[in-house]
file upload-v2.csv (CSV, C-alpha atoms and all ligand atoms)
chain,number,residue,atom,x,y,z
A,1,MET,CA,124.1,87.1,134.3
A,2,SER,CA,125.0,84.6,131.7
A,3,LYS,CA,126.3,81.2,132.7
A,4,TYR,CA,128.8,81.4,129.8
A,5,GLU,CA,131.6,83.7,129.0
A,6,GLU,CA,130.3,86.2,126.5
A,7,PHE,CA,132.5,87.0,123.5
A,8,PRO,CA,133.1,90.7,122.9
A,9,ARG,CA,130.6,91.1,120.0
A,10,ILE,CA,127.9,89.3,122.0
A,11,LYS,CA,128.6,91.4,125.0
A,12,ARG,CA,127.3,94.4,123.0
A,13,LEU,CA,124.0,92.6,122.6
A,14,PRO,CA,122.0,92.9,125.9
A,15,GLN,CA,119.4,90.3,126.8
A,16,TYR,CA,116.1,91.2,125.2
A,17,VAL,CA,114.0,93.4,127.5
A,18,PHE,CA,111.0,91.3,126.3
A,19,ALA,CA,112.6,88.2,127.8
A,20,VAL,CA,111.2,88.9,131.3
A,21,VAL,CA,107.7,89.3,130.1
A,22,ASN,CA,108.0,86.3,127.9
A,23,GLU,CA,109.2,84.2,130.8
A,24,LEU,CA,106.2,85.2,132.9
A,25,LYS,CA,103.9,84.5,130.0
A,26,ALA,CA,105.4,81.0,129.6
A,27,LYS,CA,105.1,80.4,133.4
A,28,LEU,CA,101.4,81.5,133.5
A,29,ARG,CA,100.6,79.3,130.5
A,30,ARG,CA,102.3,76.3,132.1
A,31,GLU,CA,100.0,76.9,135.1
A,32,GLY,CA,97.0,76.6,132.7
A,33,GLU,CA,96.1,80.3,132.3
A,34,ASP,CA,94.7,81.5,128.9
A,35,ILE,CA,97.0,84.4,127.9
A,36,ILE,CA,95.8,86.6,125.1
A,37,ASP,CA,99.0,87.5,123.4
A,38,PHE,CA,99.5,90.9,121.7
A,39,GLY,CA,103.2,90.7,122.5
A,40,MET,CA,105.0,89.9,119.3
A,41,GLY,CA,104.2,91.2,115.8
A,42,ASN,CA,104.0,87.6,114.5
A,43,PRO,CA,101.2,87.5,111.9
A,44,ASP,CA,98.6,84.8,112.5
A,45,LEU,CA,97.0,84.9,109.0
A,46,LYS,CA,97.6,82.4,106.2
A,47,PRO,CA,98.8,83.4,102.7
A,48,ALA,CA,96.2,83.1,99.9
A,49,GLN,CA,95.6,79.5,98.9
A,50,HIS,CA,97.0,79.8,95.3
A,51,ILE,CA,100.4,80.9,96.8
A,52,ILE,CA,100.5,77.8,99.0
A,53,ASP,CA,99.5,75.6,96.1
A,54,LYS,CA,102.3,77.0,94.0
A,55,LEU,CA,104.8,76.3,96.8
A,56,CYS,CA,103.7,72.7,96.9
A,57,GLU,CA,103.7,72.3,93.1
A,58,SER,CA,107.2,73.7,92.9
A,59,ALA,CA,108.5,71.5,95.7
A,60,GLN,CA,107.4,68.4,93.7
A,61,LYS,CA,110.0,69.3,91.0
A,62,PRO,CA,113.4,67.6,91.7
A,63,HIS,CA,115.5,70.5,90.5
A,64,THR,CA,114.0,73.0,93.0
A,65,HIS,CA,115.7,71.3,95.9
A,66,ARG,CA,119.2,72.4,94.9
A,67,TYR,CA,120.9,75.5,96.3
A,68,SER,CA,119.0,78.5,95.2
A,69,MET,CA,120.4,82.0,94.3
A,70,SER,CA,121.5,84.2,97.1
A,71,GLN,CA,120.4,87.3,95.3
A,72,GLY,CA,117.0,85.8,94.4
A,73,ILE,CA,116.0,84.0,91.2
A,74,PRO,CA,115.7,86.4,88.2
A,75,ARG,CA,111.9,85.9,87.9
A,76,LEU,CA,111.4,87.0,91.5
A,77,ARG,CA,113.6,90.1,91.1
A,78,LYS,CA,111.5,91.0,88.0
A,79,ALA,CA,108.3,90.4,89.9
A,80,ILE,CA,109.2,92.8,92.8
A,81,CYS,CA,110.3,95.4,90.3
A,82,ASP,CA,107.0,95.1,88.4
A,83,PHE,CA,105.1,95.3,91.7
A,84,TYR,CA,106.9,98.6,92.6
A,85,GLU,CA,106.2,100.0,89.1
A,86,ARG,CA,102.5,99.1,89.4
A,87,ARG,CA,102.1,100.2,93.0
A,88,TYR,CA,104.4,103.2,93.3
A,89,GLY,CA,105.3,104.2,89.7
A,90,VAL,CA,108.9,103.4,90.6
A,91,LYS,CA,111.1,101.9,87.9
A,92,LEU,CA,113.8,99.5,89.1
A,93,ASP,CA,116.3,97.4,87.3
A,94,PRO,CA,116.0,93.7,88.5
A,95,GLU,CA,119.7,93.1,87.9
A,96,GLU,CA,121.3,96.1,89.6
A,97,GLU,CA,118.6,97.7,91.8
A,98,ALA,CA,116.9,94.7,93.5
A,99,ILE,CA,118.2,91.9,95.7
A,100,MET,CA,116.2,89.3,97.6
A,101,THR,CA,116.9,88.8,101.3
A,102,ILE,CA,115.9,86.1,103.8
A,103,GLY,CA,113.3,88.4,105.2
A,104,SER,CA,114.0,92.1,105.9
A,105,LYS,CA,115.5,91.3,109.3
A,106,GLU,CA,118.4,89.4,107.6
A,107,GLY,CA,118.5,92.1,104.9
A,108,ILE,CA,119.0,95.0,107.3
A,109,SER,CA,121.5,93.0,109.4
A,110,HIS,CA,123.8,92.1,106.6
A,111,LEU,CA,123.3,95.5,104.9
A,112,MET,CA,124.8,97.1,108.0
A,113,VAL,CA,127.7,94.6,107.9
A,114,ALA,CA,128.2,95.5,104.3
A,115,MET,CA,128.0,99.3,104.8
A,116,LEU,CA,129.5,100.0,108.2
A,117,SER,CA,132.9,99.4,109.8
A,118,PRO,CA,134.2,100.0,113.4
A,119,GLY,CA,134.4,103.8,113.9
A,120,ASP,CA,131.4,104.5,111.5
A,121,ILE,CA,128.3,106.1,112.9
A,122,ALA,CA,124.7,105.2,112.2
A,123,LEU,CA,121.7,107.5,113.0
A,124,VAL,CA,118.8,105.4,114.4
A,125,PRO,CA,115.5,106.6,115.6
A,126,SER,CA,114.3,105.7,119.1
A,127,PRO,CA,111.9,104.1,119.9
A,128,ARG,CA,112.8,101.5,117.2
A,129,TYR,CA,112.5,98.0,116.1
A,130,PRO,CA,115.5,96.4,117.9
A,131,ILE,CA,117.5,95.3,114.9
A,132,HIS,CA,117.6,98.9,113.6
A,133,TYR,CA,119.8,99.6,116.6
A,134,TYR,CA,121.7,96.3,116.9
A,135,ALA,CA,122.5,95.7,113.2
A,136,PRO,CA,125.0,98.6,113.3
A,137,VAL,CA,126.2,97.4,116.7
A,138,ILE,CA,126.8,93.9,115.3
A,139,ALA,CA,128.7,95.5,112.4
A,140,GLY,CA,131.0,97.1,115.0
A,141,ALA,CA,129.7,100.7,114.3
A,142,SER,CA,128.5,103.3,116.8
A,143,VAL,CA,124.9,104.4,117.0
A,144,LEU,CA,123.5,107.9,117.6
A,145,THR,CA,119.8,107.8,118.5
A,146,VAL,CA,117.4,110.4,117.1
A,147,PRO,CA,114.1,110.7,119.2
A,148,LEU,CA,110.9,110.1,117.3
A,149,PRO,CA,108.3,112.6,118.4
A,150,LEU,CA,105.5,110.6,120.0
A,151,GLU,CA,102.8,113.3,120.0
A,152,GLY,CA,101.3,115.9,117.6
A,153,SER,CA,99.9,116.0,114.1
A,154,VAL,CA,101.7,114.2,111.2
A,155,SER,CA,103.3,117.4,110.0
A,156,GLU,CA,104.3,118.5,113.4
A,157,ARG,CA,106.0,115.2,114.1
A,158,GLN,CA,107.7,115.1,110.7
A,159,GLU,CA,109.1,118.6,111.2
A,160,LYS,CA,110.3,117.9,114.7
A,161,PHE,CA,111.9,114.6,113.6
A,162,LEU,CA,113.7,116.2,110.6
A,163,LYS,CA,115.1,118.9,112.9
A,164,SER,CA,116.4,116.3,115.3
A,165,ILE,CA,118.0,114.3,112.5
A,166,TYR,CA,119.7,117.5,111.2
A,167,GLU,CA,121.0,118.4,114.6
A,168,THR,CA,122.2,114.9,115.5
A,169,TYR,CA,124.0,114.7,112.1
A,170,GLU,CA,125.7,118.1,112.5
A,171,ASP,CA,126.8,117.1,116.0
A,172,SER,CA,128.2,113.7,114.9
A,173,TYR,CA,131.9,113.2,114.7
A,174,PRO,CA,133.0,111.6,112.4
A,175,LYS,CA,129.9,112.5,110.3
A,176,ALA,CA,127.2,109.8,110.4
A,177,LYS,CA,127.4,107.4,107.4
A,178,VAL,CA,123.9,105.8,107.4
A,179,LEU,CA,120.5,106.9,108.5
A,180,ILE,CA,117.9,104.2,109.2
A,181,LEU,CA,114.2,105.1,108.8
A,182,ASN,CA,111.0,103.1,109.2
A,183,PHE,CA,107.6,104.5,108.2
A,184,PRO,CA,104.9,103.4,108.9
A,185,ASN,CA,106.8,102.9,112.1
A,186,ASN,CA,107.2,100.0,114.5
A,187,PRO,CA,106.5,100.4,117.4
A,188,THR,CA,105.1,104.0,117.4
A,189,THR,CA,102.8,103.6,114.3
A,190,MET,CA,104.1,107.1,113.2
A,191,ILE,CA,103.5,107.8,109.5
A,192,VAL,CA,104.9,110.3,107.1
A,193,GLU,CA,103.8,112.1,103.9
A,194,LYS,CA,105.9,112.2,100.7
A,195,GLU,CA,107.1,115.7,101.7
A,196,PHE,CA,109.1,114.2,104.6
A,197,PHE,CA,111.0,111.9,102.2
A,198,LYS,CA,111.6,114.8,99.8
A,199,GLU,CA,113.3,116.8,102.5
A,200,ILE,CA,115.4,114.0,104.0
A,201,VAL,CA,116.5,112.8,100.5
A,202,ASP,CA,117.5,116.4,99.7
A,203,PHE,CA,119.5,116.7,103.0
A,204,ALA,CA,121.2,113.3,102.6
A,205,LYS,CA,122.3,114.1,99.1
A,206,LYS,CA,123.9,117.3,100.2
A,207,LYS,CA,125.7,115.6,103.0
A,208,GLY,CA,126.6,112.3,101.4
A,209,LEU,CA,124.6,110.3,103.9
A,210,TRP,CA,123.1,106.9,102.9
A,211,ILE,CA,119.5,106.3,103.8
A,212,VAL,CA,118.1,102.8,104.6
A,213,HIS,CA,114.3,102.8,104.7
A,214,ASP,CA,112.6,99.8,106.3
A,215,PHE,CA,109.1,99.6,104.6
A,216,ALA,CA,107.9,96.5,106.4
A,217,TYR,CA,104.4,98.0,106.9
A,218,ALA,CA,104.0,99.3,103.4
A,219,ASP,CA,100.7,97.4,102.9
A,220,LEU,CA,99.0,97.8,106.3
A,221,CYS,CA,97.5,101.3,105.9
A,222,TYR,CA,94.0,102.4,106.9
A,223,ASP,CA,91.3,105.1,106.4
A,224,GLY,CA,92.5,106.1,103.0
A,225,TYR,CA,96.2,106.6,103.9
A,226,LYS,CA,98.7,105.1,101.5
A,227,ALA,CA,102.3,105.0,102.8
A,228,PRO,CA,104.8,106.5,100.3
A,229,SER,CA,107.9,104.6,99.2
A,230,ILE,CA,111.1,106.7,99.6
A,231,LEU,CA,111.9,105.6,96.1
A,232,GLU,CA,109.1,107.7,94.7
A,233,ILE,CA,111.2,110.7,95.4
A,234,GLU,CA,113.2,111.8,92.3
A,235,GLY,CA,116.9,111.0,92.7
A,236,ALA,CA,116.3,108.9,95.9
A,237,LYS,CA,118.1,106.0,94.3
A,238,ASP,CA,121.3,108.1,94.4
A,239,ILE,CA,121.5,107.7,98.2
A,240,ALA,CA,118.7,105.4,99.4
A,241,VAL,CA,117.6,101.8,99.5
A,242,GLU,CA,114.3,100.5,100.7
A,243,LEU,CA,113.5,97.2,102.4
A,244,TYR,CA,110.2,95.6,101.3
A,245,SER,CA,108.9,92.5,103.1
A,246,MET,CA,106.3,89.9,102.2
A,247,THR,CA,105.8,89.1,105.9
A,248,LYS,CA,102.9,91.5,106.8
A,249,GLY,CA,100.8,92.3,103.8
A,250,PHE,CA,101.2,88.8,102.2
A,251,SER,CA,101.1,87.0,105.6
A,252,MET,CA,104.3,85.1,104.8
A,253,ALA,CA,106.3,85.7,108.0
A,254,GLY,CA,107.8,82.2,108.2
A,255,TRP,CA,108.7,82.1,104.5
A,256,ARG,CA,111.4,84.7,104.9
A,257,VAL,CA,111.0,86.8,101.8
A,258,GLY,CA,112.3,90.3,101.7
A,259,PHE,CA,114.0,92.7,99.3
A,260,VAL,CA,116.5,95.5,99.2
A,261,LEU,CA,115.7,97.9,96.4
A,262,GLY,CA,117.2,101.1,95.0
A,263,ASN,CA,120.8,102.3,95.1
A,264,PRO,CA,122.9,100.0,92.9
A,265,THR,CA,126.2,100.6,94.9
A,266,ILE,CA,124.6,99.4,98.1
A,267,ILE,CA,123.0,96.5,96.4
A,268,TYR,CA,126.2,95.5,94.7
A,269,ASN,CA,128.0,95.5,98.0
A,270,LEU,CA,125.2,93.5,99.8
A,271,LYS,CA,125.2,91.0,96.9
A,272,ARG,CA,129.0,90.5,97.3
A,273,LEU,CA,128.7,89.9,101.0
A,274,LYS,CA,125.7,87.6,100.8
A,275,SER,CA,127.4,85.5,98.1
A,276,TYR,CA,129.8,84.5,100.8
A,277,LEU,CA,127.1,83.9,103.5
A,278,ASP,CA,124.1,82.1,102.1
A,279,TYR,CA,122.5,80.3,99.1
A,280,GLY,CA,119.2,82.2,99.3
A,281,THR,CA,115.7,81.1,100.3
A,282,PHE,CA,114.4,77.7,99.2
A,283,THR,CA,113.5,77.9,95.4
A,284,PRO,CA,109.8,76.9,95.7
A,285,ILE,CA,109.3,79.7,98.2
A,286,GLN,CA,110.8,82.1,95.7
A,287,VAL,CA,108.6,80.7,92.9
A,288,ALA,CA,105.5,81.0,95.0
A,289,SER,CA,106.5,84.6,95.9
A,290,VAL,CA,106.5,85.4,92.2
A,291,ILE,CA,102.9,84.3,92.0
A,292,ALA,CA,102.1,86.3,95.2
A,293,LEU,CA,103.6,89.5,93.8
A,294,ASP,CA,101.9,89.0,90.4
A,295,SER,CA,98.5,88.5,92.1
A,296,ASP,CA,95.7,90.9,92.3
A,297,TYR,CA,96.5,93.3,95.2
A,298,SER,CA,93.1,92.4,96.7
A,299,ILE,CA,94.8,89.5,98.5
A,300,VAL,CA,96.8,92.0,100.5
A,301,GLU,CA,93.8,94.2,101.1
A,302,GLU,CA,92.0,91.3,102.7
A,303,ALA,CA,94.7,90.9,105.3
A,304,ARG,CA,94.8,94.7,105.8
A,305,ASP,CA,91.1,94.8,106.4
A,306,ILE,CA,91.3,92.1,109.0
A,307,TYR,CA,94.0,94.0,110.9
A,308,ASN,CA,92.0,97.2,110.6
A,309,LYS,CA,88.9,95.6,112.0
A,310,ARG,CA,90.9,94.2,114.9
A,311,LEU,CA,92.5,97.6,115.6
A,312,GLU,CA,89.1,99.2,115.6
A,313,LEU,CA,87.8,96.7,118.1
A,314,LEU,CA,90.7,97.1,120.4
A,315,VAL,CA,90.9,100.9,120.2
A,316,ASN,CA,87.1,101.3,120.8
A,317,GLY,CA,87.1,98.7,123.6
A,318,LEU,CA,90.0,100.3,125.4
A,319,ASN,CA,88.5,103.7,125.1
A,320,ARG,CA,85.2,102.4,126.5
A,321,ALA,CA,87.2,100.8,129.4
A,322,GLY,CA,88.7,104.2,130.2
A,323,TRP,CA,92.2,103.7,128.6
A,324,GLN,CA,92.4,106.6,126.1
A,325,VAL,CA,94.1,105.5,122.9
A,326,GLU,CA,94.0,106.7,119.3
A,327,LYS,CA,93.5,104.4,116.3
A,328,PRO,CA,96.7,104.2,114.2
A,329,LYS,CA,96.7,105.0,110.4
A,330,ALA,CA,99.0,102.1,109.7
A,331,THR,CA,100.8,99.0,110.9
A,332,MET,CA,99.4,96.1,113.0
A,333,PHE,CA,100.1,97.8,116.3
A,334,LEU,CA,98.5,100.0,118.8
A,335,TRP,CA,101.1,102.1,120.6
A,336,ALA,CA,99.4,103.0,123.9
A,337,LYS,CA,100.4,105.4,126.6
A,338,ILE,CA,100.3,103.7,129.9
A,339,PRO,CA,97.3,105.0,131.9
A,340,GLU,CA,98.3,107.8,134.3
A,341,LYS,CA,97.9,105.9,137.5
A,342,PHE,CA,100.3,103.2,136.4
A,343,GLN,CA,102.9,105.5,134.8
A,344,LYS,CA,105.2,105.3,137.8
A,345,LEU,CA,105.5,101.5,137.4
A,346,GLY,CA,107.4,101.8,134.1
A,347,SER,CA,106.5,99.8,131.0
A,348,VAL,CA,108.1,96.5,132.0
A,349,GLU,CA,106.4,96.4,135.5
A,350,PHE,CA,103.1,97.5,134.0
A,351,SER,CA,103.3,94.8,131.3
A,352,MET,CA,103.9,92.2,133.9
A,353,LYS,CA,101.0,93.4,136.0
A,354,LEU,CA,98.7,93.4,133.0
A,355,LEU,CA,99.9,89.8,132.2
A,356,ARG,CA,99.4,88.6,135.8
A,357,GLU,CA,96.1,90.3,136.5
A,358,ALA,CA,94.4,90.6,133.1
A,359,HIS,CA,96.1,87.7,131.3
A,360,VAL,CA,96.9,90.0,128.4
A,361,ALA,CA,100.4,90.1,127.0
A,362,VAL,CA,101.8,93.3,125.5
A,363,ALA,CA,105.3,94.5,124.6
A,364,PRO,CA,106.8,97.0,127.1
A,365,GLY,CA,107.8,100.3,125.4
A,366,ALA,CA,111.3,100.2,127.0
A,367,GLY,CA,112.1,97.2,124.8
A,368,PHE,CA,112.2,99.6,121.9
A,369,GLY,CA,114.7,101.9,123.5
A,370,GLU,CA,114.7,104.4,126.3
A,371,HIS,CA,112.3,106.7,124.4
A,372,GLY,CA,109.7,104.0,124.5
A,373,GLU,CA,109.3,104.1,128.2
A,374,GLY,CA,105.8,105.1,129.4
A,375,TYR,CA,104.2,103.1,126.5
A,376,VAL,CA,103.2,99.6,125.6
A,377,ARG,CA,102.6,98.1,122.2
A,378,PHE,CA,99.8,95.8,121.3
A,379,ALA,CA,100.2,93.7,118.1
A,380,VAL,CA,96.8,92.7,116.8
A,381,VAL,CA,97.7,89.0,116.1
A,382,GLU,CA,94.7,87.6,118.0
A,383,ASN,CA,91.2,87.2,116.4
A,384,GLU,CA,88.2,89.4,117.1
A,385,LYS,CA,86.7,87.1,119.7
A,386,ARG,CA,89.9,87.1,121.7
A,387,ILE,CA,90.3,90.8,121.3
A,388,ARG,CA,86.8,91.2,122.8
A,389,GLN,CA,87.8,88.9,125.7
A,390,ALA,CA,91.1,90.9,126.2
A,391,VAL,CA,89.1,94.2,126.4
A,392,ARG,CA,86.7,92.6,129.0
A,393,ASN,CA,89.8,91.5,131.0
A,394,ILE,CA,91.4,94.9,130.8
A,395,LYS,CA,88.2,96.7,131.8
A,396,LYS,CA,87.9,94.5,134.9
A,397,PHE,CA,91.6,95.1,135.7
A,398,LEU,CA,91.3,98.9,135.4
A,399,ARG,CA,88.0,99.0,137.4
A,400,GLN,CA,89.8,97.4,140.3
A,401,TYR,CA,92.2,100.4,140.5
A,402,ASN,CA,89.5,103.1,140.2
A,403,ASP,CA,89.2,105.0,143.4
B,501,LIG,C1,110.0,97.4,111.3
B,501,LIG,C2,110.2,96.0,111.0
B,501,LIG,N1,111.2,95.6,110.1
B,501,LIG,C3,111.4,94.3,109.8
B,501,LIG,C4,110.7,93.3,110.4
B,501,LIG,C5,111.0,91.9,110.1
B,501,LIG,O1,110.4,91.5,108.9
B,501,LIG,P1,110.8,90.3,108.1
B,501,LIG,O2,109.9,89.2,108.5
B,501,LIG,O3,110.7,90.7,106.7
B,501,LIG,O4,112.2,89.9,108.5
B,501,LIG,C6,109.7,93.6,111.3
B,501,LIG,C7,108.9,92.5,111.9
B,501,LIG,O5,108.2,92.7,112.9
B,501,LIG,C8,109.5,95.0,111.6
B,501,LIG,O6,108.5,95.3,112.5
call {"tool": "encode", "arguments": {"input": "upload-v2.csv", "output": "structure tokens"}}
result
Amino acid sequence: MSKYEEFPRIKRLPQYVFAVVNELKAKLRREGEDIIDFGMGNPDLKPAQHIIDKLCESAQKPHTHRYSMSQGIPRLRKAICDFYERRYGVKLDPEEEAIMTIGSKEGISHLMVAMLSPGDIALVPSPRYPIHYYAPVIAGASVLTVPLPLEGSVSERQEKFLKSIYETYEDSYPKAKVLILNFPNNPTTMIVEKEFFKEIVDFAKKKGLWIVHDFAYADLCYDGYKAPSILEIEGAKDIAVELYSMTKGFSMAGWRVGFVLGNPTIIYNLKRLKSYLDYGTFTPIQVASVIALDSDYSIVEEARDIYNKRLELLVNGLNRAGWQVEKPKATMFLWAKIPEKFQKLGSVEFSMKLLREAHVAVAPGAGFGEHGEGYVRFAVVENEKRIRQAVRNIKKFLRQYND
């Protein structure tokens, strides 16, 4: 219960499920416990030094402290378009098909305000990154959830998911206006192949459905997998935009640099809205982001390799400890089914137990929507030494409950 009256729009935003786990984490820390924290996907790595140097150099120039440009400075929009051409072979017009956002979270939030009105329907997968659900809610729209299959091969899951989207769309009244997608997926780590995007673009075009694809984990792919951009599909730009973020691959979480790329109508509308709302990200950050995007891609690969190594350690360690998990092909997460003997606790209670007894913090699956129940998510934002320690703690914890 809130101590204050909640205004109607705020009433539609429940307290974060993660809050209870976070409170316990803070309490244990105050009591002096060392908590190994895999709870939030908040990257712990530092951007490459030349990017930080450019930020400092640019901040020394008096003119860079004025208001910046809400849509992003032209050089930055050109840099992201060049990056997409090099990496995905996708040609984009920096004027009409690219806009900067204050991180992709702000991007998706205002995108939904621009695209949706009360009475409109958005199709959103579940489990999902919370803002995928709540951005349409904040816009006053209704949400229909589409379950993401949690088990099976990549092609089985793709097919099942497509079928669910088609069915949910056909059942929607009025017809859904926007479909939100996110692959590689947070929290489930589900990946798709290009074929999936071909099919969904084809469907969306036939039905007049907009697609918003959150590509936050574009750069964190392992074992030879390369995540496709939806914009690689011919004609995707007619109905789709993609959000690209510098948070994960470039380790620039706090810098707040994201982009919306693709369909010119969507971008025009977002630009109009944002011109009322903000003056853009601090210019030196934008200038340094140009340097980052123009850099050799190896700076991203270095971060990717660190996350990969951490995931390997965690996955192998948990399997040795008797918690059966599979290494993901992408993201910085491990989406782990709660061991059988703890299933009945539910993900929130299990996360609290793990925190209390093993001093390891994870995100309960229920925080990502009802379909996330039965799972927890580890974000590998702790170093290798601490991951080894976490595995030892979990092993001890599990052993206690072995009959
Ligand atoms: C799927 C997804 N989208 C967006 C974001 C937010 O990224 P940004 O820092 O670009 O706002 C995250 C961050 O965890 C995420 O997991």
call {"tool": "residues_around", "arguments": {"input": "upload-v2.csv", "residues": "segment 195-197 of chain A", "least_positions_apart": "2", "cutoff": "9 Å", "atoms": "all atoms listed in the file", "output": "MDAnalysis selection string"}}
result
chainID A and resid 155 158:159 162 192:193 199:202 228:233 236
call {"tool": "residues_near_point", "arguments": {"input": "upload-v2.csv", "point": "(100.7, 88.1, 103.2)", "cutoff": "9 Å", "atoms": "all atoms listed in the file", "output": "ChimeraX atom specification"}}
result
/A:43,45-48,246-253,292,299-300,303
call {"tool": "write_last_selection", "arguments": {"input": "upload-v2.csv", "atoms": "C-alpha atoms", "output": "mmCIF file, keeping the file's coordinate frame"}}
result
data_model
loop_
_atom_site.group_PDB
_atom_site.id
_atom_site.type_symbol
_atom_site.label_atom_id
_atom_site.label_comp_id
_atom_site.auth_asym_id
_atom_site.auth_seq_id
_atom_site.Cartn_x
_atom_site.Cartn_y
_atom_site.Cartn_z
ATOM 1 C CA PRO A 43 101.200 87.500 111.900
ATOM 2 C CA LEU A 45 97.000 84.900 109.000
ATOM 3 C CA LYS A 46 97.600 82.400 106.200
ATOM 4 C CA PRO A 47 98.800 83.400 102.700
ATOM 5 C CA ALA A 48 96.200 83.100 99.900
ATOM 6 C CA MET A 246 106.300 89.900 102.200
ATOM 7 C CA THR A 247 105.800 89.100 105.900
ATOM 8 C CA LYS A 248 102.900 91.500 106.800
ATOM 9 C CA GLY A 249 100.800 92.300 103.800
ATOM 10 C CA PHE A 250 101.200 88.800 102.200
ATOM 11 C CA SER A 251 101.100 87.000 105.600
ATOM 12 C CA MET A 252 104.300 85.100 104.800
ATOM 13 C CA ALA A 253 106.300 85.700 108.000
ATOM 14 C CA ALA A 292 102.100 86.300 95.200
ATOM 15 C CA ILE A 299 94.800 89.500 98.500
ATOM 16 C CA VAL A 300 96.800 92.000 100.500
ATOM 17 C CA ALA A 303 94.700 90.900 105.300
#
call {"tool": "closest_atom_pairs", "arguments": {"input": "upload-v2.csv", "of": "chain A", "to": "ligand LIG 501 (chain B)", "cutoff": "10 Å", "atoms": "all atoms listed in the file", "output": "Markdown table"}}
result
| residue | atom | partner | partner_atom | distance |
| --- | --- | --- | --- | --- |
| A:Met40 | CA | B:LIG501 | O5 | 7.7 |
| A:Gly41 | CA | B:LIG501 | O5 | 5.2 |
| A:Asn42 | CA | B:LIG501 | O5 | 6.8 |
| A:Pro43 | CA | B:LIG501 | O5 | 8.8 |
| A:Thr101 | CA | B:LIG501 | O3 | 8.4 |
| A:Ile102 | CA | B:LIG501 | O4 | 7.1 |
| A:Gly103 | CA | B:LIG501 | O3 | 3.8 |
| A:Ser104 | CA | B:LIG501 | O3 | 3.7 |
| A:Lys105 | CA | B:LIG501 | O4 | 3.7 |
| A:Glu106 | CA | B:LIG501 | O4 | 6.3 |
| A:Gly107 | CA | B:LIG501 | O4 | 7.6 |
| A:Ile108 | CA | B:LIG501 | C3 | 8.0 |
| A:Ser109 | CA | B:LIG501 | O4 | 9.8 |
| A:Arg128 | CA | B:LIG501 | C1 | 7.7 |
| A:Tyr129 | CA | B:LIG501 | C1 | 5.4 |
| A:Pro130 | CA | B:LIG501 | C1 | 8.6 |
| A:Ile131 | CA | B:LIG501 | N1 | 7.9 |
| A:His132 | CA | B:LIG501 | N1 | 8.0 |
| A:Leu181 | CA | B:LIG501 | C1 | 9.1 |
| A:Asn182 | CA | B:LIG501 | C1 | 6.2 |
| A:Phe183 | CA | B:LIG501 | C1 | 8.1 |
| A:Pro184 | CA | B:LIG501 | C1 | 8.2 |
| A:Asn185 | CA | B:LIG501 | C1 | 6.4 |
| A:Asn186 | CA | B:LIG501 | C1 | 5.0 |
| A:Pro187 | CA | B:LIG501 | O6 | 7.3 |
| A:Thr189 | CA | B:LIG501 | C1 | 10.0 |
| A:His213 | CA | B:LIG501 | N1 | 9.5 |
| A:Asp214 | CA | B:LIG501 | N1 | 5.8 |
| A:Phe215 | CA | B:LIG501 | C1 | 7.1 |
| A:Ala216 | CA | B:LIG501 | N1 | 5.0 |
| A:Tyr217 | CA | B:LIG501 | C1 | 7.1 |
| A:Leu243 | CA | B:LIG501 | N1 | 8.2 |
| A:Tyr244 | CA | B:LIG501 | O3 | 7.3 |
| A:Ser245 | CA | B:LIG501 | O3 | 4.4 |
| A:Met246 | CA | B:LIG501 | O3 | 6.3 |
| A:Thr247 | CA | B:LIG501 | O2 | 4.9 |
| A:Lys248 | CA | B:LIG501 | O2 | 7.6 |
| A:Ser251 | CA | B:LIG501 | O2 | 9.5 |
| A:Met252 | CA | B:LIG501 | O2 | 7.9 |
| A:Ala253 | CA | B:LIG501 | O2 | 5.0 |
| A:Gly254 | CA | B:LIG501 | O2 | 7.3 |
| A:Trp255 | CA | B:LIG501 | O2 | 8.2 |
| A:Arg256 | CA | B:LIG501 | O2 | 6.0 |
| A:Val257 | CA | B:LIG501 | O3 | 6.3 |
| A:Gly258 | CA | B:LIG501 | O3 | 5.3 |
| A:Phe259 | CA | B:LIG501 | O3 | 8.3 |
| A:Thr331 | CA | B:LIG501 | O6 | 8.7 |
| A:Met332 | CA | B:LIG501 | O6 | 9.1 |
| A:Phe333 | CA | B:LIG501 | O6 | 9.6 |
| A:Ala379 | CA | B:LIG501 | O5 | 9.6 |
call {"tool": "residues_around", "arguments": {"input": "upload-v2.csv", "residues": "segment 306-322 of chain A", "least_positions_apart": "4", "cutoff": "8 Å", "atoms": "all atoms listed in the file", "output": "ChimeraX atom specification"}}
result
/A:220,222,302,326-328,332-334,380,383-384,387-388,391,394-395,398
call {"tool": "closest_residue", "arguments": {"input": "upload-v2.csv", "among": "A:Lys25, A:Lys175, A:Arg75, A:Lys163", "to": "Asp120 of chain A", "atoms": "only C-alpha atoms"}}
result
A:Lys175
call {"tool": "atom_distance", "arguments": {"input": "upload-v2.csv", "atom1": "atom CA of Ala122 of chain A", "atom2": "atom CA of Lys91 of chain A"}}
result
28.0 Å
call {"tool": "residues_around", "arguments": {"input": "upload-v2.csv", "residues": "Glu57 of chain A", "least_positions_apart": "3", "cutoff": "12 Å", "atoms": "only C-alpha atoms", "output": "VMD selection string"}}
result
chain A and resid 50 to 54 60 to 62 64 283 to 285 287 to 288
call {"tool": "residues_near_point", "arguments": {"input": "upload-v2.csv", "point": "(116.2, 109.0, 114.0)", "cutoff": "9 Å", "atoms": "all atoms listed in the file", "output": "JSON, numbers by chain"}}
result
{"A": [123, 124, 125, 126, 127, 128, 144, 145, 146, 147, 148, 161, 162, 164, 165, 168, 179, 180, 181]}
